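Peer 1: I have a structure I would like to understand better, so I am pasting it below and will then ask my questions one at a time.
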Amino acid sequence: MRFLIIDDSAVDRHFLTSLLEEMGHQVESCESTTGVIDKIATGDYTAVFLDIVMPEQDGYKFLRELRSNQNTAKQHVIFYSSKKTTVEINYGIKRAGANDYLPKPMTRKRLEQTLQKF
């Protein structure tokens, strides 16, 4: 499978990239949402791991932009965030339109459970 990680934290990008690559997947990453809509439109990603709290544009706003573009509207998006209360998770999935939600810090087991859905 092929994944894109969008997260401003180099540590979190590296951690998730390492886990996914150890599991045999292809991974690309970006530190911001700048220019990423075009990358997703042409990238053929199984899923995008999207952080919520980022300096230039938060994940909620970016996801709304992604969903409003006919070329990227159906992209599978997994919020990957330190926001982990039940209210925040429900908002991310039900209101913002994410397909799944992985709270940070994440374990390999939790990642494997999420990937089994594909």
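Convention: chains lettered A, B, ... in structure tokens order; per-chain residue numbering from 1; ligands numbered from 1 as shown.
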Where in range 3-100 of chain A does DSSP assign alpha helix (DSSP H), given as a count of residues only?

Peer 2: 36

Peer 1: Would you kindly return, as a list in words, each protein, DNA or RNA residue with an atom no farther than 12 Å from any atom of Val11 in chain A, considering only C-alpha atoms and excluding same-chain residues fewer than 5 positions away?

Peer 2: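 My list of contacting residues is Leu16, Thr17, Ser18, Ser29, Glu31, Lys104 and Pro105 of chain A.
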
Peer 1: Could you write out that same residue set with C-alpha atoms as a compact mmCIF listing (two decimals), in the first residue's frame?

Peer 2:
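Listing of selection14.txt after writing:
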```txt
# COMPACT_ATOMS: atom_id res chain seq x y z
CA LEU A 16 4.86 6.83 11.40
CA THR A 17 7.03 6.54 8.27
CA SER A 18 9.29 4.02 10.03
CA SER A 29 5.54 12.78 3.73
CA GLU A 31 5.46 18.97 6.67
CA LYS A 104 -0.92 10.18 19.11
CA PRO A 105 1.05 8.50 20.49
```

Peer 1: Need the shell around Tyr80 in chain A: protein/DNA/RNA residues with any atom at most 10 Å away, counting only C-alpha atoms. Skip same-chain ones fewer than 3 positions apart. Format as a list of chain:residue names?

Peer 2: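 Once the adjacent positions are removed, what remains is A:Ile5, A:Ile6, A:Asp7, A:Asp12, A:Leu16, A:Val48, A:Phe49, A:Leu50, A:Asp51, A:Ile52, A:Val53, A:Gly59, A:Val77, A:Lys83, A:Lys84, A:Asp100, A:Tyr101, A:Leu102, A:Pro103, A:Lys104, A:Pro105, A:Met106.
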
Peer 1: Given only C-alpha atoms as the basis, pick out the residue of A:Ala10, A:Met1, A:Ala98, A:Ile37 nearest to His25 in chain A.

Peer 2: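 Of A:Ala10, A:Met1, A:Ala98, A:Ile37, the one nearest His25 in chain A is A:Met1, counting only C-alpha atoms.
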
Peer 1: Could you pull out the strand (DSSP E) residues of range 8-102 of chain A, going by DSSP on the backbone, and write them as a list in words?

Peer 2: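 Here is the list: Gln26, Val27, Glu28, Ser29, Cys30, Ala47, Val48, Phe49, Leu50, Val77, Ile78, Phe79, Tyr80, Ser81, Asp100, Tyr101 and Leu102 of chain A.
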
Peer 1: For C-alpha atoms, I'd like the residues from the last selection saved as a compact mmCIF listing (two decimals), in the first residue's frame.

Peer 2:
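Output (selection_7.txt):
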```txt
# COMPACT_ATOMS: atom_id res chain seq x y z
CA GLN A 26 5.55 2.91 0.47
CA VAL A 27 5.45 6.26 2.25
CA GLU A 28 5.79 9.90 1.27
CA SER A 29 5.54 12.78 3.73
CA CYS A 30 4.97 16.53 3.81
CA ALA A 47 -4.73 6.72 2.52
CA VAL A 48 -3.49 10.05 3.81
CA PHE A 49 -2.48 10.42 7.47
CA LEU A 50 -3.35 14.00 8.38
CA VAL A 77 -8.10 10.23 5.17
CA ILE A 78 -7.00 9.19 8.64
CA PHE A 79 -6.61 11.96 11.20
CA TYR A 80 -3.37 11.36 13.14
CA SER A 81 -3.42 13.77 16.04
CA ASP A 100 -10.65 7.13 10.64
CA TYR A 101 -8.78 8.63 13.59
CA LEU A 102 -5.50 7.57 15.19
```

Peer 1: Excluding same-chain residues fewer than 3 positions from range 62-71 of chain A, what lies within 8 Å of it counting only C-alpha atoms, as a PDB file with C-alpha atoms, in the first residue's frame?

Peer 2:
```
ATOM      1  CA  THR A  33      -0.558  21.186   3.436  1.00  0.00           C
ATOM      2  CA  ILE A  37      -4.072  18.808  -3.043  1.00  0.00           C
ATOM      3  CA  ALA A  41      -4.959  14.167  -6.970  1.00  0.00           C
ATOM      4  CA  GLN A  57      -3.595  25.388   7.849  1.00  0.00           C
ATOM      5  CA  ASP A  58      -5.236  23.043  10.316  1.00  0.00           C
ATOM      6  CA  GLY A  59      -6.255  19.540   9.311  1.00  0.00           C
ATOM      7  CA  LYS A  74     -12.996  10.305  -2.202  1.00  0.00           C
ATOM      8  CA  ALA A  96     -14.955  17.004   9.471  1.00  0.00           C
ATOM      9  CA  GLY A  97     -15.305  13.897   7.311  1.00  0.00           C
ATOM     10  CA  ALA A  98     -12.245  11.820   8.152  1.00  0.00           C
TER      11      ALA A  98
END
```

Peer 1: Between A:Phe3, A:Tyr45, A:Phe118, A:Tyr60, which has the minimum distance to Glu21 in chain A (counting only C-alpha atoms)?

Peer 2: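 Result for the nearest residue to Glu21 in chain A: A:Phe3.
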
Peer 1: One decimal, in Å: what's the spacing between CA of Asn99 in chain A and CA of Leu111 in chain A?

Peer 2: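 Separation between CA of Asn99 in chain A and CA of Leu111 in chain A: 14.1 Å.
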
Peer 1: How many Å separate CA of Thr46 in chain A from CA of Arg2 in chain A?

Peer 2: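 Atom-to-atom, CA of Thr46 in chain A to CA of Arg2 in chain A, that is 5.3 Å.
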